[in-house]
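Report on one structure; see the data block that follows.
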Amino acid sequence: MDIQSNLKEIRAQLPPQVSLVAVSKFHPNEAILTAYETGQRIFGESKEQELSKKQASLPADIQWHFIGHLQTNKVKYIAPYIAMIHAVDSYKLLAEIDKQAAKCNRVIPCLLEIHIAEEESKYGFSFEACREMLETTPWKELTHVCISGVMGMATNTDDESQITNEFESLHRFFTELKATYFKDCDTFKEISMGMSHDYPLAVQAGSTMVRVGSKIFGDRVY
Ligand SMILES: *Cc1c(COP(=O)(O)O)cnc(C)c1O
């Protein structure tokens with residue numbers, strides 16, 4: 001199977017309201033261009049240096065999504081062009097994105113990363129920590145970021161019911177945040193969940209954005 005047929009197969013499985021982020025990290029420009037030729041415009045990367053190099057040399061109408069853990073000192077390099085930042089896991093990072101976006105006269109769409117997996121991870125808000133951040137910080141004053149939804153990763157397991165439970169918990173949390181803090185905010189609408197091995201389950205649980213890498217581009221060579 002090649003990149004173009006992989007994309008075709010995946011797109012055929014996605015309902016029209018679900019966007020596909022083609023995760024191109026560790027794959028060369030040629031692979032990205034092959035996907036681009038089929039009409040793919042949203043690509044996901046997780047390393048600032050790799051992304052900035054690719055952004056400078058690939059077509060300008062690509063929408064680059066930053067999907068990995070982002071260090072605050074790297075924000076300034078991607079702020080001029082990044083289309084969405086998926087993994088905002090602290091108020092400090094959100095405030096830095098706001099500051100750098102202001103310098104570029106931009107409003108950057110951001111997703112709050114929520115820790116839903118059973119696995120230990122340093123990254124992502126717990127439900128409680130996320131509520132607390134939204135209650136106690138002046139996030140509403142940050143006019144150069146647009147909190148557009150939530151993002152999460154399920155446990156890496158073959159237990160489909162566990163994966164589904166985790167995705168459903170993120171959907172419920174999205175609904176809670178929407179009702180509590182973003183009622184009148186039409187742009188708070190994204191649930192970024194689902195990767196190569198679990199995106200069909202994520203879509204069933206209400207994903208609006210799947211992030212698929214190896215199922216499109218093959219295995220990554222690190
Ligand atoms: C790498 C990565 C993906 C894509 O993973 P695949 O298993 O290759 O589909 C999705 N989301 C995040 C946050 C990633 O880092």
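In the structure tokens, chains take letters A, B, ... by order of appearance, with residues numbered from 1 within each chain and ligands from 1 in the order shown.
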
Could I get the residues of chain A with an atom no further than 8 Å from an atom of ligand 1, each paired with its nearest atom pair and that distance in Å to one decimal, using only C-alpha atoms and all ligand atoms, sorted by chain and residue number, as a Markdown table?
| residue | atom | partner | partner_atom_place_in_ligand_line | distance |
| --- | --- | --- | --- | --- |
| A:Val23 | CA | ligand 1 | 4 (C) | 5.5 |
| A:Lys25 | CA | ligand 1 | 1 (C) | 6.9 |
| A:Gly44 | CA | ligand 1 | 3 (C) | 7.9 |
| A:Glu45 | CA | ligand 1 | 15 (O) | 7.7 |
| A:Ser46 | CA | ligand 1 | 15 (O) | 6.1 |
| A:Ile67 | CA | ligand 1 | 13 (C) | 4.9 |
| A:Gly68 | CA | ligand 1 | 13 (C) | 5.1 |
| A:His69 | CA | ligand 1 | 13 (C) | 7.9 |
| A:His86 | CA | ligand 1 | 13 (C) | 7.9 |
| A:Ala87 | CA | ligand 1 | 13 (C) | 7.6 |
| A:Gly152 | CA | ligand 1 | 13 (C) | 8.0 |
| A:Met153 | CA | ligand 1 | 13 (C) | 7.1 |
| A:Met193 | CA | ligand 1 | 11 (N) | 8.0 |
| A:Gly194 | CA | ligand 1 | 10 (C) | 7.3 |
| A:Met195 | CA | ligand 1 | 9 (O) | 4.2 |
| A:Ser196 | CA | ligand 1 | 9 (O) | 3.6 |
| A:His197 | CA | ligand 1 | 7 (O) | 6.2 |
| A:Val210 | CA | ligand 1 | 10 (C) | 7.9 |
| A:Arg211 | CA | ligand 1 | 10 (C) | 4.7 |
| A:Val212 | CA | ligand 1 | 9 (O) | 3.7 |
| A:Gly213 | CA | ligand 1 | 8 (O) | 3.5 |
| A:Ser214 | CA | ligand 1 | 8 (O) | 3.7 |
| A:Lys215 | CA | ligand 1 | 9 (O) | 6.0 |
| A:Ile216 | CA | ligand 1 | 9 (O) | 7.9 |
| A:Gly218 | CA | ligand 1 | 8 (O) | 7.9 |
| A:Asp219 | CA | ligand 1 | 8 (O) | 7.3 |
| A:Arg220 | CA | ligand 1 | 8 (O) | 7.6 |

Go ahead and save the residues from that selection, with N, CA and C atoms, as a PDB file, in the first residue's frame.
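Dumped everything to again36.pdb:
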ATOM      1  N   VAL A  23      -0.039  12.923  10.258  1.00  0.00           N
ATOM      2  CA  VAL A  23       1.125  13.122  11.134  1.00  0.00           C
ATOM      3  C   VAL A  23       2.396  12.700  10.402  1.00  0.00           C
ATOM      4  N   LYS A  25       5.657  13.549  11.141  1.00  0.00           N
ATOM      5  CA  LYS A  25       6.930  13.600  11.879  1.00  0.00           C
ATOM      6  C   LYS A  25       7.834  12.438  11.463  1.00  0.00           C
ATOM      7  N   GLY A  44       0.591  17.175  10.790  1.00  0.00           N
ATOM      8  CA  GLY A  44       0.951  17.288  12.202  1.00  0.00           C
ATOM      9  C   GLY A  44       2.414  16.956  12.418  1.00  0.00           C
ATOM     10  N   GLU A  45       3.077  17.774  13.241  1.00  0.00           N
ATOM     11  CA  GLU A  45       4.485  17.557  13.581  1.00  0.00           C
ATOM     12  C   GLU A  45       4.647  17.739  15.082  1.00  0.00           C
ATOM     13  N   SER A  46       5.742  17.157  15.631  1.00  0.00           N
ATOM     14  CA  SER A  46       5.890  17.237  17.077  1.00  0.00           C
ATOM     15  C   SER A  46       7.261  17.738  17.530  1.00  0.00           C
ATOM     16  N   ILE A  67       1.489  18.893  17.379  1.00  0.00           N
ATOM     17  CA  ILE A  67       0.725  17.900  18.142  1.00  0.00           C
ATOM     18  C   ILE A  67       1.474  17.370  19.359  1.00  0.00           C
ATOM     19  N   GLY A  68       2.778  17.677  19.455  1.00  0.00           N
ATOM     20  CA  GLY A  68       3.569  17.086  20.542  1.00  0.00           C
ATOM     21  C   GLY A  68       3.666  18.017  21.739  1.00  0.00           C
ATOM     22  N   HIS A  69       4.501  17.597  22.684  1.00  0.00           N
ATOM     23  CA  HIS A  69       4.750  18.450  23.839  1.00  0.00           C
ATOM     24  C   HIS A  69       5.558  19.662  23.387  1.00  0.00           C
ATOM     25  N   HIS A  86      -2.001  21.515  19.568  1.00  0.00           N
ATOM     26  CA  HIS A  86      -2.914  20.518  20.164  1.00  0.00           C
ATOM     27  C   HIS A  86      -2.679  20.229  21.633  1.00  0.00           C
ATOM     28  N   ALA A  87      -1.460  20.423  22.111  1.00  0.00           N
ATOM     29  CA  ALA A  87      -1.145  19.839  23.421  1.00  0.00           C
ATOM     30  C   ALA A  87      -0.782  20.896  24.455  1.00  0.00           C
ATOM     31  N   GLY A 152      -6.624  14.377  23.480  1.00  0.00           N
ATOM     32  CA  GLY A 152      -6.203  13.327  24.399  1.00  0.00           C
ATOM     33  C   GLY A 152      -5.707  12.089  23.671  1.00  0.00           C
ATOM     34  N   MET A 153      -4.988  11.279  24.415  1.00  0.00           N
ATOM     35  CA  MET A 153      -4.476  10.009  23.894  1.00  0.00           C
ATOM     36  C   MET A 153      -4.921   8.865  24.795  1.00  0.00           C
ATOM     37  N   MET A 193      -8.853  13.344  19.019  1.00  0.00           N
ATOM     38  CA  MET A 193      -8.508  12.032  19.580  1.00  0.00           C
ATOM     39  C   MET A 193      -8.561  10.980  18.484  1.00  0.00           C
ATOM     40  N   GLY A 194      -7.687   9.988  18.597  1.00  0.00           N
ATOM     41  CA  GLY A 194      -7.600   8.909  17.623  1.00  0.00           C
ATOM     42  C   GLY A 194      -6.305   8.959  16.845  1.00  0.00           C
ATOM     43  N   MET A 195      -5.571   7.838  16.856  1.00  0.00           N
ATOM     44  CA  MET A 195      -4.314   7.691  16.122  1.00  0.00           C
ATOM     45  C   MET A 195      -4.442   6.452  15.231  1.00  0.00           C
ATOM     46  N   SER A 196      -3.332   6.034  14.618  1.00  0.00           N
ATOM     47  CA  SER A 196      -3.414   4.942  13.635  1.00  0.00           C
ATOM     48  C   SER A 196      -4.154   3.715  14.159  1.00  0.00           C
ATOM     49  N   HIS A 197      -3.847   3.301  15.394  1.00  0.00           N
ATOM     50  CA  HIS A 197      -4.398   2.023  15.858  1.00  0.00           C
ATOM     51  C   HIS A 197      -5.783   2.162  16.478  1.00  0.00           C
ATOM     52  N   VAL A 210      -8.838  13.454  13.892  1.00  0.00           N
ATOM     53  CA  VAL A 210      -7.957  12.325  14.185  1.00  0.00           C
ATOM     54  C   VAL A 210      -6.546  12.651  13.714  1.00  0.00           C
ATOM     55  N   ARG A 211      -5.567  12.128  14.427  1.00  0.00           N
ATOM     56  CA  ARG A 211      -4.155  12.398  14.118  1.00  0.00           C
ATOM     57  C   ARG A 211      -3.511  11.074  13.711  1.00  0.00           C
ATOM     58  N   VAL A 212      -3.355  10.861  12.420  1.00  0.00           N
ATOM     59  CA  VAL A 212      -2.926   9.558  11.925  1.00  0.00           C
ATOM     60  C   VAL A 212      -1.578   9.671  11.217  1.00  0.00           C
ATOM     61  N   GLY A 213      -0.601   8.885  11.684  1.00  0.00           N
ATOM     62  CA  GLY A 213       0.739   8.927  11.112  1.00  0.00           C
ATOM     63  C   GLY A 213       1.104   7.657  10.373  1.00  0.00           C
ATOM     64  N   SER A 214       1.465   6.611  11.119  1.00  0.00           N
ATOM     65  CA  SER A 214       2.026   5.415  10.492  1.00  0.00           C
ATOM     66  C   SER A 214       1.053   4.725   9.533  1.00  0.00           C
ATOM     67  N   LYS A 215      -0.224   4.838   9.773  1.00  0.00           N
ATOM     68  CA  LYS A 215      -1.196   4.213   8.863  1.00  0.00           C
ATOM     69  C   LYS A 215      -1.188   4.909   7.485  1.00  0.00           C
ATOM     70  N   ILE A 216      -0.689   6.134   7.431  1.00  0.00           N
ATOM     71  CA  ILE A 216      -0.558   6.832   6.143  1.00  0.00           C
ATOM     72  C   ILE A 216       0.843   6.651   5.564  1.00  0.00           C
ATOM     73  N   GLY A 218       3.569   4.866   6.861  1.00  0.00           N
ATOM     74  CA  GLY A 218       4.382   3.710   7.214  1.00  0.00           C
ATOM     75  C   GLY A 218       5.117   3.949   8.524  1.00  0.00           C
ATOM     76  N   ASP A 219       5.942   2.988   8.918  1.00  0.00           N
ATOM     77  CA  ASP A 219       6.634   3.102  10.202  1.00  0.00           C
ATOM     78  C   ASP A 219       7.654   4.232  10.167  1.00  0.00           C
ATOM     79  N   ARG A 220       7.805   4.887  11.309  1.00  0.00           N
ATOM     80  CA  ARG A 220       8.791   5.947  11.409  1.00  0.00           C
ATOM     81  C   ARG A 220      10.173   5.346  11.663  1.00  0.00           C
TER      82      ARG A 220
END

Selection near A:Ile78, 12 Å with only C-alpha atoms, sequence-local residues under 5 positions removed, as a list in words: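 Counting only C-alpha atoms, the residues come to Glu45, Ser46, Lys47, Glu48, Gln49, Glu50, Leu51, Ser52, Lys53, Lys54, Gln55, Ala56, Trp64, His65, Phe66, Leu70, Gln71, Thr72, Asn73, Ala83, Met84, Ile85, Glu96, Ile97, Gln100, Ala101, Cys104, Arg106 and Ile108 of chain A.
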
As number ranges by chain, please: every residue in chain A that a backbone DSSP assignment puts in helix (DSSP H, G or I). A: 3-13, 29-37, 48-57, 72-78, 91-103, 127-136, 139-141, 160-181, 199-204, 214-217

May I have the selected residues written with C-alpha atoms, as a JSON list (two decimals), in the first residue's frame?
[["chain", "number", "residue", "atom", "x", "y", "z"],
["A", 3, "ILE", "CA", 0.64, 6.83, 0.81],
["A", 4, "GLN", "CA", -2.07, 7.84, -1.63],
["A", 5, "SER", "CA", -4.09, 4.65, -1.28],
["A", 6, "ASN", "CA", -3.65, 4.73, 2.51],
["A", 7, "LEU", "CA", -5.10, 8.23, 2.58],
["A", 8, "LYS", "CA", -7.97, 7.25, 0.34],
["A", 9, "GLU", "CA", -8.84, 4.31, 2.56],
["A", 10, "ILE", "CA", -8.73, 6.35, 5.76],
["A", 11, "ARG", "CA", -10.75, 9.25, 4.31],
["A", 12, "ALA", "CA", -13.41, 6.80, 3.18],
["A", 13, "GLN", "CA", -13.86, 5.75, 6.83],
["A", 29, "ASN", "CA", 9.31, 16.25, 2.39],
["A", 30, "GLU", "CA", 8.73, 13.87, -0.54],
["A", 31, "ALA", "CA", 6.26, 11.84, 1.52],
["A", 32, "ILE", "CA", 4.44, 15.02, 2.55],
["A", 33, "LEU", "CA", 4.26, 16.19, -1.05],
["A", 34, "THR", "CA", 2.83, 12.84, -2.12],
["A", 35, "ALA", "CA", 0.03, 13.31, 0.40],
["A", 36, "TYR", "CA", -0.33, 16.96, -0.59],
["A", 37, "GLU", "CA", -0.97, 15.94, -4.18],
["A", 48, "GLU", "CA", 9.92, 22.43, 16.47],
["A", 49, "GLN", "CA", 13.17, 22.25, 14.47],
["A", 50, "GLU", "CA", 11.95, 19.55, 12.13],
["A", 51, "LEU", "CA", 8.69, 21.43, 11.61],
["A", 52, "SER", "CA", 10.30, 24.82, 10.96],
["A", 53, "LYS", "CA", 12.56, 23.29, 8.32],
["A", 54, "LYS", "CA", 9.64, 21.60, 6.59],
["A", 55, "GLN", "CA", 7.45, 24.69, 6.81],
["A", 56, "ALA", "CA", 10.11, 26.80, 5.09],
["A", 57, "SER", "CA", 10.47, 24.44, 2.16],
["A", 72, "THR", "CA", 7.68, 27.45, 26.16],
["A", 73, "ASN", "CA", 11.04, 28.54, 24.73],
["A", 74, "LYS", "CA", 10.12, 27.07, 21.32],
["A", 75, "VAL", "CA", 6.79, 28.87, 20.94],
["A", 76, "LYS", "CA", 8.32, 31.95, 19.31],
["A", 77, "TYR", "CA", 9.65, 29.93, 16.37],
["A", 78, "ILE", "CA", 6.28, 28.49, 15.34],
["A", 91, "TYR", "CA", -1.49, 28.02, 31.81],
["A", 92, "LYS", "CA", 2.13, 29.10, 31.49],
["A", 93, "LEU", "CA", 2.33, 27.63, 27.98],
["A", 94, "LEU", "CA", -1.01, 29.17, 27.01],
["A", 95, "ALA", "CA", 0.18, 32.60, 28.19],
["A", 96, "GLU", "CA", 3.43, 32.27, 26.23],
["A", 97, "ILE", "CA", 1.54, 31.31, 23.06],
["A", 98, "ASP", "CA", -0.66, 34.38, 23.59],
["A", 99, "LYS", "CA", 2.39, 36.61, 24.00],
["A", 100, "GLN", "CA", 4.14, 35.33, 20.87],
["A", 101, "ALA", "CA", 0.93, 35.34, 18.82],
["A", 102, "ALA", "CA", 0.36, 38.99, 19.78],
["A", 103, "LYS", "CA", 3.81, 39.86, 18.40],
["A", 127, "PHE", "CA", -9.83, 16.72, 34.64],
["A", 128, "GLU", "CA", -9.50, 18.37, 38.03],
["A", 129, "ALA", "CA", -6.38, 20.36, 37.15],
["A", 130, "CYS", "CA", -8.02, 21.59, 33.97],
["A", 131, "ARG", "CA", -11.13, 22.79, 35.83],
["A", 132, "GLU", "CA", -8.88, 24.49, 38.35],
["A", 133, "MET", "CA", -6.89, 26.23, 35.61],
["A", 134, "LEU", "CA", -10.08, 27.53, 34.01],
["A", 135, "GLU", "CA", -11.40, 28.69, 37.41],
["A", 136, "THR", "CA", -8.30, 30.35, 38.78],
["A", 139, "TRP", "CA", -7.23, 32.88, 30.55],
["A", 140, "LYS", "CA", -10.12, 34.99, 29.27],
["A", 141, "GLU", "CA", -7.78, 37.96, 29.03],
["A", 160, "GLU", "CA", -10.96, -1.89, 22.89],
["A", 161, "SER", "CA", -13.48, -1.35, 25.67],
["A", 162, "GLN", "CA", -10.84, 0.44, 27.74],
["A", 163, "ILE", "CA", -9.89, 2.65, 24.79],
["A", 164, "THR", "CA", -13.55, 3.44, 24.15],
["A", 165, "ASN", "CA", -14.11, 4.28, 27.84],
["A", 166, "GLU", "CA", -11.18, 6.69, 27.77],
["A", 167, "PHE", "CA", -12.34, 8.41, 24.58],
["A", 168, "GLU", "CA", -15.87, 8.66, 25.95],
["A", 169, "SER", "CA", -14.54, 10.23, 29.14],
["A", 170, "LEU", "CA", -12.84, 12.91, 27.04],
["A", 171, "HIS", "CA", -16.04, 13.53, 25.10],
["A", 172, "ARG", "CA", -17.99, 13.94, 28.37],
["A", 173, "PHE", "CA", -15.34, 16.32, 29.69],
["A", 174, "PHE", "CA", -15.54, 18.36, 26.48],
["A", 175, "THR", "CA", -19.32, 18.61, 26.96],
["A", 176, "GLU", "CA", -18.84, 19.72, 30.56],
["A", 177, "LEU", "CA", -16.31, 22.42, 29.61],
["A", 178, "LYS", "CA", -18.50, 23.58, 26.75],
["A", 179, "ALA", "CA", -21.49, 24.02, 29.08],
["A", 180, "THR", "CA", -19.48, 25.60, 31.89],
["A", 181, "TYR", "CA", -16.98, 27.92, 30.21],
["A", 199, "TYR", "CA", -9.05, 6.20, 15.28],
["A", 200, "PRO", "CA", -12.18, 4.17, 14.35],
["A", 201, "LEU", "CA", -12.98, 3.88, 18.09],
["A", 202, "ALA", "CA", -12.27, 7.59, 18.57],
["A", 203, "VAL", "CA", -14.65, 8.51, 15.75],
["A", 204, "GLN", "CA", -17.38, 6.38, 17.32],
["A", 214, "SER", "CA", 2.03, 5.42, 10.49],
["A", 215, "LYS", "CA", -1.20, 4.21, 8.86],
["A", 216, "ILE", "CA", -0.56, 6.83, 6.14],
["A", 217, "PHE", "CA", 3.22, 7.09, 5.89]]

Set the distance at 8 Å and use only C-alpha atoms: which residues neighbour A:Glu113 once local chain neighbours fewer than 2 positions away are removed? I'd like the list as JSON, numbers by chain. {"A": [86, 87, 88, 89, 111, 115, 123, 124, 125, 150, 151, 152]}

Residues near A:Cys146, cut-off 7 Å, only C-alpha atoms, skip fewer than 4 positions along chain, as a PyMOL selection string: chain A and resi 107-110

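Going from atom CA of A:Leu112 to atom CA of A:Gln63 covers 19.0 Å.
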
Of the listed residues A:Asn105, A:Ala154, A:Asp186, A:Leu58, that which approaches A:Ala79 most closely, counting only C-alpha atoms: A:Asn105

Could you state the separation of atom CA of A:Leu142 and atom CA of A:Thr187 in Å, given to one decimal place?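 If I compute the distance from atom CA of A:Leu142 to atom CA of A:Thr187, I get 15.1 Å.
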
Measure the distance from atom CA of A:Lys189 to atom CA of A:Ser207 in Å and round it to one decimal.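 Pair atom CA of A:Lys189 / atom CA of A:Ser207 returns 10.2 Å.
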
Strand (DSSP E) call set, DSSP backbone run, stretch 2-62 of chain A, as number ranges by chain: A: 19-23, 42-45

For the residues selected in the previous step, produce a file with N, CA, C and O atoms as a tab-separated table (two decimals), in the first residue's frame.
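Result file is again-v1.tsv:
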chain	number	residue	atom	x	y	z
A	19	SER	N	-11.96	15.95	10.80
A	19	SER	CA	-10.79	16.29	9.98
A	19	SER	C	-9.64	15.35	10.26
A	19	SER	O	-9.49	14.79	11.35
A	20	LEU	N	-8.84	15.20	9.22
A	20	LEU	CA	-7.70	14.29	9.28
A	20	LEU	C	-6.40	15.09	9.35
A	20	LEU	O	-6.07	15.84	8.43
A	21	VAL	N	-5.69	14.91	10.46
A	21	VAL	CA	-4.35	15.48	10.58
A	21	VAL	C	-3.38	14.37	10.17
A	21	VAL	O	-3.30	13.34	10.83
A	22	ALA	N	-2.66	14.59	9.08
A	22	ALA	CA	-1.68	13.60	8.61
A	22	ALA	C	-0.38	13.84	9.38
A	22	ALA	O	0.28	14.87	9.18
A	23	VAL	N	-0.04	12.92	10.26
A	23	VAL	CA	1.12	13.12	11.13
A	23	VAL	C	2.40	12.70	10.40
A	23	VAL	O	2.65	11.52	10.19
A	42	ILE	N	-3.71	19.39	5.96
A	42	ILE	CA	-3.39	19.49	7.39
A	42	ILE	C	-2.35	18.43	7.73
A	42	ILE	O	-2.58	17.23	7.53
A	43	PHE	N	-1.20	18.89	8.23
A	43	PHE	CA	-0.14	17.98	8.63
A	43	PHE	C	0.26	18.25	10.07
A	43	PHE	O	0.23	19.40	10.53
A	44	GLY	N	0.59	17.18	10.79
A	44	GLY	CA	0.95	17.29	12.20
A	44	GLY	C	2.41	16.96	12.42
A	44	GLY	O	2.94	15.99	11.86
A	45	GLU	N	3.08	17.77	13.24
A	45	GLU	CA	4.48	17.56	13.58
A	45	GLU	C	4.65	17.74	15.08
A	45	GLU	O	3.84	18.42	15.73
